[in-house]
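Novice: File follows, protein_12.cif with mmCIF, C-alpha atoms, pLDDT in the B column; chains and numbers go by the auth columns:
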```cif
data_input
#
loop_
_atom_site.group_PDB
_atom_site.id
_atom_site.type_symbol
_atom_site.label_atom_id
_atom_site.label_comp_id
_atom_site.label_asym_id
_atom_site.label_seq_id
_atom_site.Cartn_x
_atom_site.Cartn_y
_atom_site.Cartn_z
_atom_site.B_iso_or_equiv
_atom_site.auth_seq_id
_atom_site.auth_asym_id
ATOM 1 C CA MET A 1 -18.529 4.804 -8.943 51.00 158 A
ATOM 2 C CA LYS A 2 -15.484 4.104 -6.789 57.00 159 A
ATOM 3 C CA LYS A 3 -11.931 3.666 -8.029 52.00 160 A
ATOM 4 C CA GLN A 4 -12.080 0.025 -6.945 57.00 161 A
ATOM 5 C CA ASP A 5 -14.987 -0.571 -9.368 61.00 162 A
ATOM 6 C CA LEU A 6 -12.854 0.339 -12.393 70.00 163 A
ATOM 7 C CA ASN A 7 -10.092 -1.581 -14.124 80.00 164 A
ATOM 8 C CA VAL A 8 -8.042 1.578 -14.709 84.00 165 A
ATOM 9 C CA ALA A 9 -4.256 1.103 -14.580 85.00 166 A
ATOM 10 C CA PHE A 10 -2.448 3.991 -12.893 86.00 167 A
ATOM 11 C CA LYS A 11 1.323 4.355 -12.890 85.00 168 A
ATOM 12 C CA ASP A 12 2.758 3.310 -9.533 84.00 169 A
ATOM 13 C CA TYR A 13 2.184 6.033 -6.924 83.00 170 A
ATOM 14 C CA ASN A 14 3.439 5.654 -3.390 84.00 171 A
ATOM 15 C CA PRO A 15 4.174 8.906 -1.513 82.00 172 A
ATOM 16 C CA ASN A 16 5.912 6.878 1.224 82.00 173 A
ATOM 17 C CA GLN A 17 8.276 5.157 -1.212 77.00 174 A
ATOM 18 C CA LEU A 18 11.946 5.225 -0.342 71.00 175 A
ATOM 19 C CA MET A 19 14.409 6.510 -2.911 63.00 176 A
ATOM 20 C CA PHE A 20 16.721 4.061 -4.614 66.00 177 A
ATOM 21 C CA LEU A 21 19.602 5.486 -2.628 69.00 178 A
ATOM 22 C CA PRO A 22 19.378 7.152 0.812 64.00 179 A
ATOM 23 C CA PRO A 23 18.053 9.554 1.970 73.00 180 A
ATOM 24 C CA SER A 24 14.301 8.974 1.782 76.00 181 A
ATOM 25 C CA LEU A 25 11.825 11.671 0.730 78.00 182 A
ATOM 26 C CA GLU A 26 10.725 11.761 4.372 81.00 183 A
ATOM 27 C CA GLU A 27 14.198 12.963 5.300 82.00 184 A
ATOM 28 C CA LEU A 28 14.460 15.477 2.455 85.00 185 A
ATOM 29 C CA ILE A 29 11.204 17.345 3.139 89.00 186 A
ATOM 30 C CA PRO A 30 11.168 19.357 6.384 91.00 187 A
ATOM 31 C CA ALA A 31 8.359 18.654 8.875 90.00 188 A
ATOM 32 C CA GLN A 32 6.844 22.147 8.445 93.00 189 A
ATOM 33 C CA HIS A 33 7.085 22.253 4.625 94.00 190 A
ATOM 34 C CA PRO A 34 3.871 23.446 2.887 94.00 191 A
ATOM 35 C CA GLY A 35 3.996 20.394 0.622 93.00 192 A
ATOM 36 C CA ARG A 36 3.164 18.199 3.615 94.00 193 A
ATOM 37 C CA VAL A 37 -0.032 20.197 4.239 95.00 194 A
ATOM 38 C CA VAL A 38 -1.025 19.838 0.575 96.00 195 A
ATOM 39 C CA HIS A 39 -0.362 16.083 0.786 94.00 196 A
ATOM 40 C CA GLN A 40 -2.503 15.665 3.930 95.00 197 A
ATOM 41 C CA ILE A 41 -5.426 17.618 2.480 96.00 198 A
ATOM 42 C CA ILE A 42 -5.437 15.927 -0.951 96.00 199 A
ATOM 43 C CA GLU A 43 -5.224 12.464 0.649 95.00 200 A
ATOM 44 C CA ARG A 44 -8.550 13.170 2.430 97.00 201 A
ATOM 45 C CA ILE A 45 -10.449 14.310 -0.674 96.00 202 A
ATOM 46 C CA ASP A 46 -12.868 11.871 -2.317 96.00 203 A
ATOM 47 C CA LEU A 47 -11.751 11.712 -5.948 95.00 204 A
ATOM 48 C CA SER A 48 -14.190 9.016 -7.064 94.00 205 A
ATOM 49 C CA GLU A 49 -15.732 11.402 -9.617 94.00 206 A
ATOM 50 C CA VAL A 50 -12.280 11.967 -11.125 93.00 207 A
ATOM 51 C CA TYR A 51 -11.517 8.224 -11.161 92.00 208 A
ATOM 52 C CA SER A 52 -14.746 7.561 -13.040 92.00 209 A
ATOM 53 C CA ARG A 53 -13.553 9.767 -15.915 92.00 210 A
ATOM 54 C CA TYR A 54 -10.538 7.574 -16.664 90.00 211 A
ATOM 55 C CA SER A 55 -10.742 5.000 -19.427 88.00 212 A
ATOM 56 C CA GLU A 56 -9.871 1.374 -18.858 87.00 213 A
ATOM 57 C CA ASN A 57 -8.231 1.332 -22.299 89.00 214 A
ATOM 58 C CA GLY A 58 -4.737 2.455 -23.188 87.00 215 A
ATOM 59 C CA SER A 59 -1.567 2.637 -21.146 88.00 216 A
ATOM 60 C CA SER A 60 -1.339 3.491 -17.470 89.00 217 A
ATOM 61 C CA SER A 61 -1.947 7.053 -16.315 90.00 218 A
ATOM 62 C CA TYR A 62 -0.356 9.187 -13.632 92.00 219 A
ATOM 63 C CA HIS A 63 -2.326 8.933 -10.410 93.00 220 A
ATOM 64 C CA PRO A 64 -4.902 11.732 -10.057 94.00 221 A
ATOM 65 C CA LYS A 65 -3.890 12.435 -6.455 95.00 222 A
ATOM 66 C CA MET A 66 -0.287 12.996 -7.485 94.00 223 A
ATOM 67 C CA LEU A 67 -1.319 15.312 -10.340 95.00 224 A
ATOM 68 C CA LEU A 68 -3.686 17.278 -8.100 96.00 225 A
ATOM 69 C CA LYS A 69 -0.944 17.738 -5.493 95.00 226 A
ATOM 70 C CA VAL A 70 1.359 19.177 -8.156 95.00 227 A
ATOM 71 C CA LEU A 71 -1.359 21.553 -9.371 97.00 228 A
ATOM 72 C CA VAL A 72 -2.292 22.726 -5.886 96.00 229 A
ATOM 73 C CA TYR A 73 1.269 23.147 -4.681 94.00 230 A
#
```
Here is a file; write its structure as structure tokens.

Specialist:
Amino acid sequence: MKKQDLNVAFKDYNPNQLMFLPPSLEELIPAQHPGRVVHQIIERIDLSEVYSRYSENGSSSYHPKMLLKVLVY
């Protein structure tokens, strides 16, 4: 089951989002920072099995990719 097949509401998650005030996260995190490697790897992982475990009921959840990045980093 793919994430698109579910009606699960995740909290907004956009790793490329600009901050309310400058600078952007892109400017704050150095090019060689280990967090960038974690981001690139997690973005390539198929998390459809994780998505299928979420309920369509209740309030929105934190995005699984964001939570996994925090755990791995």

Novice: Residues near Ser216 in chain A, anyone? I mean within 12 Å using all atoms listed in the file, not counting same-chain ones fewer than 4 positions away, as a PDB file with C-alpha atoms, keeping the file's coordinate frame.

Specialist:
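Written file, part_28.pdb:
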```
ATOM      1  CA  ASN A 164     -10.092  -1.581 -14.124  1.00 80.00           C
ATOM      2  CA  VAL A 165      -8.042   1.578 -14.709  1.00 84.00           C
ATOM      3  CA  ALA A 166      -4.256   1.103 -14.580  1.00 85.00           C
ATOM      4  CA  PHE A 167      -2.448   3.991 -12.893  1.00 86.00           C
ATOM      5  CA  LYS A 168       1.323   4.355 -12.890  1.00 85.00           C
ATOM      6  CA  TYR A 211     -10.538   7.574 -16.664  1.00 90.00           C
ATOM      7  CA  SER A 212     -10.742   5.000 -19.427  1.00 88.00           C
TER       8      SER A 212
END
```

Novice: Kindly provide, as a ChimeraX atom specification, the polymer residues lying within 8 Å of (10.7, 9.4, 2.8), counting only C-alpha atoms and using the coordinates exactly as they appear in the file.

Specialist: /A:172-176,180-186

Novice: Write out as a ChimeraX atom specification each polymer residue whose atoms come within 9 Å of Ile199 in chain A, counting all atoms listed in the file; drop sequence neighbours fewer than 6 positions from it.

Specialist: /A:222-223,225-226,229

Novice: What does the structure give for the distance between CA of Tyr170 in chain A and CA of Glu200 in chain A, in Å to one decimal?

Specialist: 12.4 Å

Novice: Pick out the closest residue to Leu204 in chain A from this set: A:Pro191, A:Ser217, A:Leu224, A:Tyr230. Count only C-alpha atoms.

Specialist: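 Looking only at the distances to Leu204 in chain A, the closest residue turns out to be A:Leu224.
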
Novice: Using Å and a single decimal, report how far CA of Pro221 in chain A sits from CA of His196 in chain A.

Specialist: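 Computing it gives 12.5 Å between the two atoms.
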
Novice: As an exercise, work out the distance from CA of His220 in chain A to CA of Gln197 in chain A in Å and give it to one decimal place.

Specialist: 15.8 Å

Novice: Between A:Val195, A:Leu163, A:Ala188, A:Val227, which is the closest to Arg210 in chain A once you count all atoms listed in the file?

Specialist: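 Of the candidates, the smallest distance to Arg210 in chain A is held by A:Leu163.
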